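Engineer: Dropping the structure in here first, questions after.
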Amino acid sequence: PLGPLPPAAARYCTRYMKKNRIEQFYEQPYEPKKDEFWTKVNLPKKADKEYVCIGVKASNFFMPTETLSEKGPGGGKWIHVDMTLAVETKDGYLWSADQDGHSRIYAVGDCNYGC
């Protein structure tokens with residue numbers, strides 16, 4: 001149920017949420033206009049407040065602008081990388097190269113513009 005997590009990590013997260021009384025609902029479409037939805041998620045009187053936290057948005061504010069995309073999912077600001085995940089500038093030049101021309105900074109995870 002916890003997507004791409006390794007089984008041990010998924011078990012840990014599940015235990016943590018149960019211990020902290022965080023309810024989990026999987027394969028349940030978000031249908032806030034239907035009373036049936038609220039009953040299924042154990043809130044028959046509906047929620048007082050909803051925060052919809054879905055989708056993607058880059059949070060790479062700490063990177064220099066010359067390394068960030070201007071467009072892309074969530075409005076851009078994704079880190080440009082080459083095929084080795086080394087950070088590049090918008091113009092495709094290696095950023096953070098050492099004296100031998102080898103990259104010293106890599107962007108790994110959901111922060112890069114690898115799409």
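Please note that chains go A, B, ... in the order of the structure tokens, that every chain numbers its residues from 1, and that ligands are numbered from 1 in the order shown.
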Considering only C-alpha atoms, return as JSON, numbers by chain whatever protein or nucleic-acid residues lie within 9 Å of segment 16-30 of chain A, sequence-local ones (same chain, fewer than 4 positions apart) excluded.

Structural biologist: {"A": [1, 2, 11, 12, 37, 40, 41, 42]}

Engineer: Could you turn the residues from that selection into a file that holds C-alpha atoms, as a JSON list (two decimals), in the first residue's frame?

Structural biologist:
[["chain", "number", "residue", "atom", "x", "y", "z"],
["A", 1, "PRO", "CA", 0.00, 0.00, 0.00],
["A", 2, "LEU", "CA", 2.87, 2.46, 0.49],
["A", 11, "ARG", "CA", 6.09, -1.77, 7.65],
["A", 12, "TYR", "CA", 7.91, 0.88, 9.69],
["A", 37, "PHE", "CA", -16.78, 8.73, 1.13],
["A", 40, "LYS", "CA", -15.56, 5.04, 4.55],
["A", 41, "VAL", "CA", -12.79, 7.22, 6.02],
["A", 42, "ASN", "CA", -14.38, 7.19, 9.49]]

Engineer: Give one line per residue of segment 20-83 of chain A that approaches segment 89-98 of chain A to at most 7 Å, naming the two atoms of the closest pair and their distance in Å to one decimal, counting only C-alpha atoms; sort by chain then ascending residue number and deliver it as JSON lines.

Structural biologist:
{"residue": "A:Glu66", "atom": "CA", "partner": "A:Thr89", "partner_atom": "CA", "distance": 5.3}
{"residue": "A:Thr67", "atom": "CA", "partner": "A:Thr89", "partner_atom": "CA", "distance": 4.3}
{"residue": "A:Leu68", "atom": "CA", "partner": "A:Lys90", "partner_atom": "CA", "distance": 6.7}
{"residue": "A:Ser69", "atom": "CA", "partner": "A:Lys90", "partner_atom": "CA", "distance": 6.7}
{"residue": "A:His80", "atom": "CA", "partner": "A:Thr89", "partner_atom": "CA", "distance": 6.4}

Engineer: Selected residues, N, CA and C atoms, written as a compact mmCIF listing (two decimals), in the first residue's frame, please.

Structural biologist:
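Heads up, here's the output in part.txt:
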# COMPACT_ATOMS: atom_id res chain seq x y z
N GLU A 66 20.87 29.35 -12.40
CA GLU A 66 21.38 28.84 -13.68
C GLU A 66 21.30 27.31 -13.77
N THR A 67 21.01 26.63 -12.65
CA THR A 67 20.89 25.17 -12.67
C THR A 67 19.44 24.71 -12.67
N LEU A 68 18.49 25.64 -12.60
CA LEU A 68 17.07 25.28 -12.46
C LEU A 68 16.30 25.50 -13.75
N SER A 69 15.33 24.62 -14.00
CA SER A 69 14.50 24.74 -15.19
C SER A 69 13.54 25.92 -15.04
N HIS A 80 18.59 20.78 -13.41
CA HIS A 80 19.06 20.18 -14.66
C HIS A 80 20.20 19.22 -14.36

Engineer: When distances are computed from only C-alpha atoms, which of A:Thr65, A:Gln99, A:Asn60, A:Asn112 shows the smallest separation from Asp82 of chain A?

Structural biologist: A:Asn112

Engineer: Taking only segment 2-112 of chain A into account, list the residues labelled helix (DSSP H, G or I) by DSSP (computed from the backbone), as a ChimeraX atom specification.

Structural biologist: /A:7-19,35-40,65-67,73-75

Engineer: Just the selected residues (C-alpha atoms), exported as a compact mmCIF listing (two decimals), in the first residue's frame, please.

Structural biologist:
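Done, and the output landed in out-v8.txt:
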# COMPACT_ATOMS: atom_id res chain seq x y z
CA PRO A 7 8.80 -3.71 2.45
CA ALA A 8 10.70 -2.96 5.69
CA ALA A 9 10.21 0.80 5.24
CA ALA A 10 6.50 0.31 4.48
CA ARG A 11 6.09 -1.77 7.65
CA TYR A 12 7.91 0.88 9.69
CA CYS A 13 5.69 3.67 8.31
CA THR A 14 2.54 1.65 8.91
CA ARG A 15 3.53 0.92 12.53
CA TYR A 16 4.44 4.58 13.09
CA MET A 17 1.11 5.83 11.75
CA LYS A 18 -0.88 3.29 13.78
CA LYS A 19 1.07 4.15 16.95
CA ASP A 35 -21.45 11.17 2.19
CA GLU A 36 -20.39 7.58 1.49
CA PHE A 37 -16.78 8.73 1.13
CA TRP A 38 -16.75 10.35 4.58
CA THR A 39 -18.26 7.23 6.16
CA LYS A 40 -15.56 5.04 4.55
CA THR A 65 19.05 29.82 -10.83
CA GLU A 66 21.38 28.84 -13.68
CA THR A 67 20.89 25.17 -12.67
CA PRO A 73 5.72 20.06 -13.63
CA GLY A 74 4.56 22.31 -10.82
CA GLY A 75 5.82 25.43 -12.56
